[in-house]
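**Student:** File name structure.cif; file contents mmCIF, N, CA and C atoms; full text below.
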data_work
loop_
_atom_site.label_atom_id
_atom_site.label_comp_id
_atom_site.auth_asym_id
_atom_site.auth_seq_id
_atom_site.Cartn_x
_atom_site.Cartn_y
_atom_site.Cartn_z
N MET O 1 52.18 -12.66 31.84
CA MET O 1 51.64 -13.43 30.76
C MET O 1 50.21 -13.88 31.05
N ALA O 2 49.92 -14.19 32.31
CA ALA O 2 48.58 -14.60 32.69
C ALA O 2 47.59 -13.46 32.52
N ALA O 3 48.06 -12.21 32.71
CA ALA O 3 47.19 -11.05 32.54
C ALA O 3 46.77 -10.89 31.08
N LYS O 4 47.67 -11.19 30.15
CA LYS O 4 47.36 -11.09 28.73
C LYS O 4 46.29 -12.11 28.34
N LYS O 5 46.39 -13.33 28.88
CA LYS O 5 45.42 -14.37 28.58
C LYS O 5 44.03 -13.99 29.08
N LYS O 6 43.96 -13.36 30.26
CA LYS O 6 42.68 -12.95 30.82
C LYS O 6 42.03 -11.88 29.93
N LYS O 7 42.84 -10.92 29.42
CA LYS O 7 42.31 -9.88 28.55
C LYS O 7 41.78 -10.47 27.25
N ILE O 8 42.51 -11.42 26.72
CA ILE O 8 42.08 -12.07 25.48
C ILE O 8 40.79 -12.83 25.71
N VAL O 9 40.66 -13.52 26.81
CA VAL O 9 39.44 -14.27 27.14
C VAL O 9 38.28 -13.31 27.32
N LYS O 10 38.52 -12.19 28.01
CA LYS O 10 37.45 -11.22 28.22
C LYS O 10 36.98 -10.63 26.90
N LYS O 11 37.90 -10.33 25.99
CA LYS O 11 37.52 -9.79 24.69
C LYS O 11 36.71 -10.79 23.89
N ALA O 12 37.05 -12.03 23.97
CA ALA O 12 36.36 -13.06 23.21
C ALA O 12 34.96 -13.33 23.75
N THR O 13 34.76 -13.12 25.04
CA THR O 13 33.46 -13.43 25.63
C THR O 13 32.50 -12.25 25.64
N LYS O 14 32.93 -11.08 25.17
CA LYS O 14 32.03 -9.94 25.13
C LYS O 14 30.89 -10.21 24.15
N LYS O 15 29.69 -9.82 24.57
CA LYS O 15 28.53 -10.02 23.70
C LYS O 15 28.43 -8.88 22.69
N LYS O 16 28.06 -9.24 21.52
CA LYS O 16 27.86 -8.24 20.48
C LYS O 16 26.50 -7.59 20.70
N PRO O 17 26.38 -6.29 20.43
CA PRO O 17 25.08 -5.64 20.59
C PRO O 17 24.06 -6.22 19.60
N GLU O 18 22.85 -6.39 20.07
CA GLU O 18 21.80 -6.95 19.22
C GLU O 18 21.33 -5.91 18.22
N THR O 19 21.12 -6.36 17.00
CA THR O 19 20.61 -5.45 15.98
C THR O 19 19.11 -5.67 15.84
N LYS O 20 18.40 -4.57 15.75
CA LYS O 20 16.94 -4.66 15.61
C LYS O 20 16.59 -4.81 14.14
N LYS O 21 15.66 -5.67 13.89
CA LYS O 21 15.20 -5.87 12.52
C LYS O 21 14.14 -4.81 12.21
N VAL O 22 14.33 -4.15 11.09
CA VAL O 22 13.37 -3.13 10.66
C VAL O 22 12.58 -3.70 9.50
N GLU O 23 11.27 -3.74 9.67
CA GLU O 23 10.42 -4.26 8.61
C GLU O 23 10.07 -3.14 7.64
N LYS O 24 9.86 -3.52 6.40
CA LYS O 24 9.46 -2.53 5.41
C LYS O 24 8.00 -2.14 5.65
N LYS O 25 7.79 -0.85 5.78
CA LYS O 25 6.44 -0.37 6.05
C LYS O 25 5.63 -0.25 4.77
N CYS O 26 6.28 -0.10 3.63
CA CYS O 26 5.55 0.12 2.39
C CYS O 26 4.75 -1.10 1.96
N CYS O 27 5.13 -2.27 2.42
CA CYS O 27 4.49 -3.48 1.94
C CYS O 27 3.42 -4.01 2.90
N GLU O 28 3.12 -3.29 3.95
CA GLU O 28 2.15 -3.78 4.91
C GLU O 28 0.74 -3.82 4.34
N GLY O 29 0.35 -2.81 3.60
CA GLY O 29 -1.03 -2.72 3.13
C GLY O 29 -1.24 -3.14 1.69
N THR O 30 -0.30 -3.88 1.12
CA THR O 30 -0.42 -4.23 -0.29
C THR O 30 -1.63 -5.12 -0.56
N GLY O 31 -1.92 -6.04 0.34
CA GLY O 31 -3.07 -6.92 0.15
C GLY O 31 -4.37 -6.15 0.21
N MET O 32 -4.48 -5.26 1.19
CA MET O 32 -5.69 -4.44 1.30
C MET O 32 -5.83 -3.50 0.11
N ALA O 33 -4.71 -2.95 -0.35
CA ALA O 33 -4.74 -2.05 -1.50
C ALA O 33 -5.16 -2.81 -2.76
N ALA O 34 -4.71 -4.04 -2.90
CA ALA O 34 -5.09 -4.84 -4.06
C ALA O 34 -6.57 -5.20 -4.02
N LEU O 35 -7.09 -5.45 -2.83
CA LEU O 35 -8.52 -5.76 -2.71
C LEU O 35 -9.41 -4.61 -3.15
N CYS O 36 -8.90 -3.40 -3.09
CA CYS O 36 -9.68 -2.22 -3.48
C CYS O 36 -10.16 -2.31 -4.92
N TYR O 37 -9.40 -2.99 -5.76
CA TYR O 37 -9.73 -3.05 -7.18
C TYR O 37 -10.78 -4.12 -7.51
N LEU O 38 -11.32 -4.78 -6.52
CA LEU O 38 -12.38 -5.76 -6.75
C LEU O 38 -13.73 -5.08 -6.60
N TRP O 39 -14.25 -4.61 -7.66
CA TRP O 39 -15.51 -3.92 -7.87
C TRP O 39 -15.89 -2.93 -6.77
N ILE O 40 -16.76 -3.27 -5.84
CA ILE O 40 -17.28 -2.29 -4.88
C ILE O 40 -16.41 -2.17 -3.62
N VAL O 41 -15.37 -2.95 -3.54
CA VAL O 41 -14.53 -2.94 -2.34
C VAL O 41 -13.79 -1.60 -2.20
N GLY O 42 -13.44 -0.97 -3.31
CA GLY O 42 -12.73 0.31 -3.28
C GLY O 42 -13.49 1.39 -2.52
N PRO O 43 -14.75 1.66 -2.87
CA PRO O 43 -15.50 2.66 -2.11
C PRO O 43 -15.69 2.27 -0.63
N ILE O 44 -15.81 1.00 -0.35
CA ILE O 44 -15.96 0.55 1.04
C ILE O 44 -14.67 0.80 1.81
N MET O 45 -13.53 0.49 1.19
CA MET O 45 -12.23 0.71 1.84
C MET O 45 -11.98 2.19 2.09
N LEU O 46 -12.55 3.04 1.25
CA LEU O 46 -12.39 4.47 1.43
C LEU O 46 -12.97 4.91 2.77
N PHE O 47 -14.05 4.25 3.19
CA PHE O 47 -14.65 4.57 4.49
C PHE O 47 -13.97 3.84 5.65
N ILE O 48 -13.52 2.62 5.41
CA ILE O 48 -12.97 1.80 6.49
C ILE O 48 -11.55 2.24 6.86
N GLU O 49 -10.69 2.38 5.87
CA GLU O 49 -9.27 2.66 6.14
C GLU O 49 -9.06 4.16 6.35
N LYS O 50 -8.52 4.51 7.50
CA LYS O 50 -8.30 5.91 7.84
C LYS O 50 -6.81 6.26 7.95
N LYS O 51 -5.95 5.29 8.25
CA LYS O 51 -4.55 5.59 8.57
C LYS O 51 -3.58 5.34 7.42
N ASP O 52 -3.69 4.21 6.76
CA ASP O 52 -2.70 3.81 5.76
C ASP O 52 -2.90 4.60 4.46
N GLU O 53 -1.97 5.50 4.17
CA GLU O 53 -2.08 6.37 3.00
C GLU O 53 -1.96 5.58 1.69
N PHE O 54 -1.19 4.50 1.70
CA PHE O 54 -1.04 3.66 0.51
C PHE O 54 -2.37 3.01 0.13
N VAL O 55 -3.08 2.48 1.12
CA VAL O 55 -4.37 1.84 0.87
C VAL O 55 -5.39 2.90 0.45
N ARG O 56 -5.36 4.07 1.08
CA ARG O 56 -6.29 5.14 0.74
C ARG O 56 -6.07 5.63 -0.70
N PHE O 57 -4.81 5.69 -1.13
CA PHE O 57 -4.51 6.09 -2.51
C PHE O 57 -5.19 5.13 -3.48
N HIS O 58 -5.00 3.84 -3.26
CA HIS O 58 -5.58 2.85 -4.17
C HIS O 58 -7.10 2.78 -4.03
N ALA O 59 -7.63 3.05 -2.84
CA ALA O 59 -9.09 3.06 -2.65
C ALA O 59 -9.71 4.21 -3.43
N LYS O 60 -9.07 5.37 -3.42
CA LYS O 60 -9.58 6.51 -4.19
C LYS O 60 -9.57 6.22 -5.68
N GLN O 61 -8.48 5.65 -6.14
CA GLN O 61 -8.37 5.34 -7.56
C GLN O 61 -9.37 4.26 -7.97
N ALA O 62 -9.54 3.26 -7.13
CA ALA O 62 -10.49 2.19 -7.42
C ALA O 62 -11.93 2.73 -7.40
N THR O 63 -12.19 3.72 -6.56
CA THR O 63 -13.52 4.34 -6.53
C THR O 63 -13.80 5.05 -7.85
N GLY O 64 -12.79 5.72 -8.38
CA GLY O 64 -12.93 6.35 -9.70
C GLY O 64 -13.21 5.32 -10.78
N LEU O 65 -12.52 4.20 -10.74
CA LEU O 65 -12.77 3.12 -11.71
C LEU O 65 -14.16 2.52 -11.52
N PHE O 66 -14.58 2.40 -10.27
CA PHE O 66 -15.91 1.87 -9.98
C PHE O 66 -16.99 2.75 -10.62
N LEU O 67 -16.84 4.06 -10.49
CA LEU O 67 -17.83 4.96 -11.09
C LEU O 67 -17.81 4.91 -12.61
N LEU O 68 -16.62 4.78 -13.18
CA LEU O 68 -16.52 4.68 -14.64
C LEU O 68 -17.05 3.35 -15.18
N SER O 69 -17.15 2.35 -14.34
CA SER O 69 -17.64 1.05 -14.81
C SER O 69 -19.12 1.07 -15.16
N PHE O 70 -19.82 2.13 -14.77
CA PHE O 70 -21.24 2.23 -15.11
C PHE O 70 -21.47 2.81 -16.50
N ILE O 71 -20.41 3.24 -17.17
CA ILE O 71 -20.50 3.70 -18.56
C ILE O 71 -20.20 2.50 -19.44
N PRO O 72 -21.22 2.02 -20.19
CA PRO O 72 -21.07 0.76 -20.94
C PRO O 72 -19.88 0.72 -21.90
N LEU O 73 -19.56 1.81 -22.57
CA LEU O 73 -18.47 1.79 -23.55
C LEU O 73 -17.09 1.68 -22.91
N LEU O 74 -17.00 1.94 -21.62
CA LEU O 74 -15.71 1.94 -20.94
C LEU O 74 -15.44 0.66 -20.14
N ASN O 75 -16.34 -0.30 -20.19
CA ASN O 75 -16.20 -1.49 -19.34
C ASN O 75 -14.90 -2.26 -19.57
N LEU O 76 -14.52 -2.45 -20.81
CA LEU O 76 -13.29 -3.21 -21.10
C LEU O 76 -12.06 -2.44 -20.63
N ILE O 77 -12.06 -1.13 -20.85
CA ILE O 77 -10.93 -0.30 -20.40
C ILE O 77 -10.83 -0.32 -18.88
N VAL O 78 -11.98 -0.22 -18.20
CA VAL O 78 -12.00 -0.24 -16.74
C VAL O 78 -11.49 -1.58 -16.21
N LEU O 79 -11.85 -2.67 -16.88
CA LEU O 79 -11.38 -3.99 -16.47
C LEU O 79 -9.86 -4.08 -16.56
N VAL O 80 -9.30 -3.60 -17.67
CA VAL O 80 -7.85 -3.63 -17.85
C VAL O 80 -7.16 -2.75 -16.81
N LEU O 81 -7.71 -1.57 -16.54
CA LEU O 81 -7.12 -0.67 -15.55
C LEU O 81 -7.23 -1.24 -14.14
N ASN O 82 -8.31 -1.97 -13.86
CA ASN O 82 -8.44 -2.64 -12.56
C ASN O 82 -7.35 -3.69 -12.38
N ILE O 83 -7.07 -4.44 -13.42
CA ILE O 83 -6.04 -5.48 -13.35
C ILE O 83 -4.66 -4.84 -13.17
N ILE O 84 -4.39 -3.76 -13.90
CA ILE O 84 -3.11 -3.06 -13.76
C ILE O 84 -2.97 -2.49 -12.36
N GLY O 85 -4.03 -1.88 -11.85
CA GLY O 85 -4.00 -1.32 -10.49
C GLY O 85 -3.78 -2.39 -9.44
N LEU O 86 -4.42 -3.53 -9.61
CA LEU O 86 -4.27 -4.65 -8.68
C LEU O 86 -2.82 -5.14 -8.65
N ILE O 87 -2.22 -5.28 -9.82
CA ILE O 87 -0.83 -5.74 -9.91
C ILE O 87 0.12 -4.72 -9.28
N MET O 88 -0.10 -3.45 -9.57
CA MET O 88 0.76 -2.41 -9.00
C MET O 88 0.63 -2.34 -7.48
N ALA O 89 -0.59 -2.52 -6.97
CA ALA O 89 -0.79 -2.50 -5.52
C ALA O 89 -0.08 -3.68 -4.86
N LEU O 90 -0.12 -4.85 -5.49
CA LEU O 90 0.57 -6.01 -4.93
C LEU O 90 2.09 -5.84 -4.94
N GLN O 91 2.59 -5.05 -5.90
CA GLN O 91 4.03 -4.79 -5.97
C GLN O 91 4.45 -3.66 -5.04
N GLY O 92 3.48 -3.00 -4.41
CA GLY O 92 3.79 -1.91 -3.49
C GLY O 92 4.06 -0.59 -4.19
N LYS O 93 3.56 -0.42 -5.40
CA LYS O 93 3.80 0.80 -6.17
C LYS O 93 2.52 1.64 -6.25
N LYS O 94 2.73 2.93 -6.37
CA LYS O 94 1.62 3.85 -6.63
C LYS O 94 1.63 4.18 -8.11
N PHE O 95 0.64 3.69 -8.82
CA PHE O 95 0.51 3.93 -10.25
C PHE O 95 -0.71 4.82 -10.45
N THR O 96 -0.48 6.05 -10.85
CA THR O 96 -1.57 7.01 -10.99
C THR O 96 -2.16 6.94 -12.39
N ILE O 97 -3.45 6.69 -12.45
CA ILE O 97 -4.18 6.73 -13.71
C ILE O 97 -4.75 8.15 -13.79
N PRO O 98 -4.27 8.96 -14.74
CA PRO O 98 -4.51 10.40 -14.71
C PRO O 98 -5.93 10.87 -14.41
N LEU O 99 -6.90 10.62 -15.22
CA LEU O 99 -8.24 11.15 -14.97
C LEU O 99 -8.99 10.39 -13.88
N VAL O 100 -8.71 9.12 -13.78
CA VAL O 100 -9.39 8.28 -12.80
C VAL O 100 -9.01 8.67 -11.38
N ASN O 101 -7.73 8.97 -11.17
CA ASN O 101 -7.27 9.35 -9.84
C ASN O 101 -7.92 10.66 -9.39
N GLU O 102 -8.01 11.63 -10.29
CA GLU O 102 -8.66 12.90 -9.94
C GLU O 102 -10.13 12.69 -9.61
N LEU O 103 -10.79 11.80 -10.34
CA LEU O 103 -12.19 11.49 -10.06
C LEU O 103 -12.33 10.88 -8.67
N GLY O 104 -11.45 9.96 -8.33
CA GLY O 104 -11.49 9.33 -7.00
C GLY O 104 -11.21 10.31 -5.88
N VAL O 105 -10.25 11.21 -6.09
CA VAL O 105 -9.94 12.24 -5.08
C VAL O 105 -11.14 13.18 -4.91
N TRP O 106 -11.76 13.54 -6.03
CA TRP O 106 -12.94 14.41 -5.97
C TRP O 106 -14.08 13.75 -5.19
N VAL O 107 -14.33 12.47 -5.44
CA VAL O 107 -15.39 11.74 -4.72
C VAL O 107 -15.04 11.67 -3.24
N ALA O 108 -13.79 11.42 -2.92
CA ALA O 108 -13.37 11.34 -1.50
C ALA O 108 -13.61 12.68 -0.81
N LYS O 109 -13.28 13.78 -1.47
CA LYS O 109 -13.52 15.10 -0.88
C LYS O 109 -15.01 15.38 -0.75
N LEU O 110 -15.77 14.95 -1.73
CA LEU O 110 -17.22 15.13 -1.71
C LEU O 110 -17.85 14.39 -0.53
N LEU O 111 -17.29 13.24 -0.19
CA LEU O 111 -17.80 12.43 0.91
C LEU O 111 -17.19 12.83 2.26
N GLY O 112 -16.34 13.84 2.26
CA GLY O 112 -15.75 14.32 3.50
C GLY O 112 -14.53 13.53 3.95
N GLN O 113 -13.92 12.78 3.05
CA GLN O 113 -12.71 12.02 3.38
C GLN O 113 -11.50 12.87 3.02
N LYS O 114 -10.33 12.50 3.57
CA LYS O 114 -9.08 13.22 3.26
C LYS O 114 -8.70 13.05 1.81
#
Would you put the structure from the file into structure tokens?

**Tutor:**
Amino acid sequence: MAAKKKKIVKKATKKKPETKKVEKKCCEGTGMAALCYLWIVGPIMLFIEKKDEFVRFHAKQATGLFLLSFIPLLNLIVLVLNIIGLIMALQGKKFTIPLVNELGVWVAKLLGQK
């Protein structure tokens, strides 16, 4: 009977294996991606950020919007798209603006960026 009590005590005192906490990687660069939509910050981030693909995506798109902001008739549309892009970046989503994204990718390739 004493042997049974020892086994029960040993089972109760066993340590449970520690679980590692895994952080979400998609939300690491949301602040930097959102900053890209603040006027000239997008083209600057295109040069600064080399690793985070999420930030680079939004930097390319913001660069396209930055270039379109010099066309006077498109200023209001560009402002609305900047606000939408900023909100989507803060939510951790990739929202592609069809023509603007291609323009940003083209400028990035022209400048020798990925």

**Student:** Skip region 56-58 of chain O itself and residues of its chain fewer than 6 positions away, then list as a list of chain:residue names all residues within 6.5 Å of it, counting only N, CA and C atoms.

**Tutor:**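 Answer for this query is O:Ala33, O:Cys36, O:Tyr37, O:Gly42, O:Leu46, O:Glu49.
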
**Student:** Could you jot down the CA of Val55 (chain O) to CA of Ile71 (chain O) separation for me, Å, one decimal place?

**Tutor:**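 CA of Ile71 (chain O) lies at a distance of 25.3 Å from CA of Val55 (chain O).
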
**Student:** What does the distance from CA of Lys93 (chain O) to atom C of Phe70 (chain O) come to in Å, to one decimal?

**Tutor:**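 Here the two named atoms are 27.4 Å from each other.
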
**Student:** Determine the residue membership of the PyMOL selection byres ((chain O and resi 66) around 8) for the file above and supply it as a list in words.

**Tutor:**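 On this input, the PyMOL selection byres ((chain O and resi 66) around 8) captures Tyr37, Trp39, Ile40, Gly42, Pro43, Lys60, Gln61, Ala62, Thr63, Gly64, Leu65, Leu67, Leu68, Ser69, Phe70, Ile71 and Val78 of chain O.
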
**Student:** Name the residues that the PyMOL selection byres (((chain O and resi 31 and name CA) around 10) and name CA) pulls out of this structure, and write them as a list of chain:residue names.

**Tutor:**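 Residues picked by the PyMOL selection byres (((chain O and resi 31 and name CA) around 10) and name CA): O:Cys27, O:Glu28, O:Gly29, O:Thr30, O:Met32, O:Ala33, O:Ala34, O:Leu35, O:Cys36, O:Val55, O:Leu86, O:Ala89, O:Leu90, O:Gln91, O:Gly92.
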
**Student:** Would you work out the distance separating CA of Trp106 (chain O) from atom C of Ala59 (chain O), expressed in Å to one decimal?

**Tutor:**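 Result for CA of Trp106 (chain O) versus atom C of Ala59 (chain O): 11.0 Å, one decimal.
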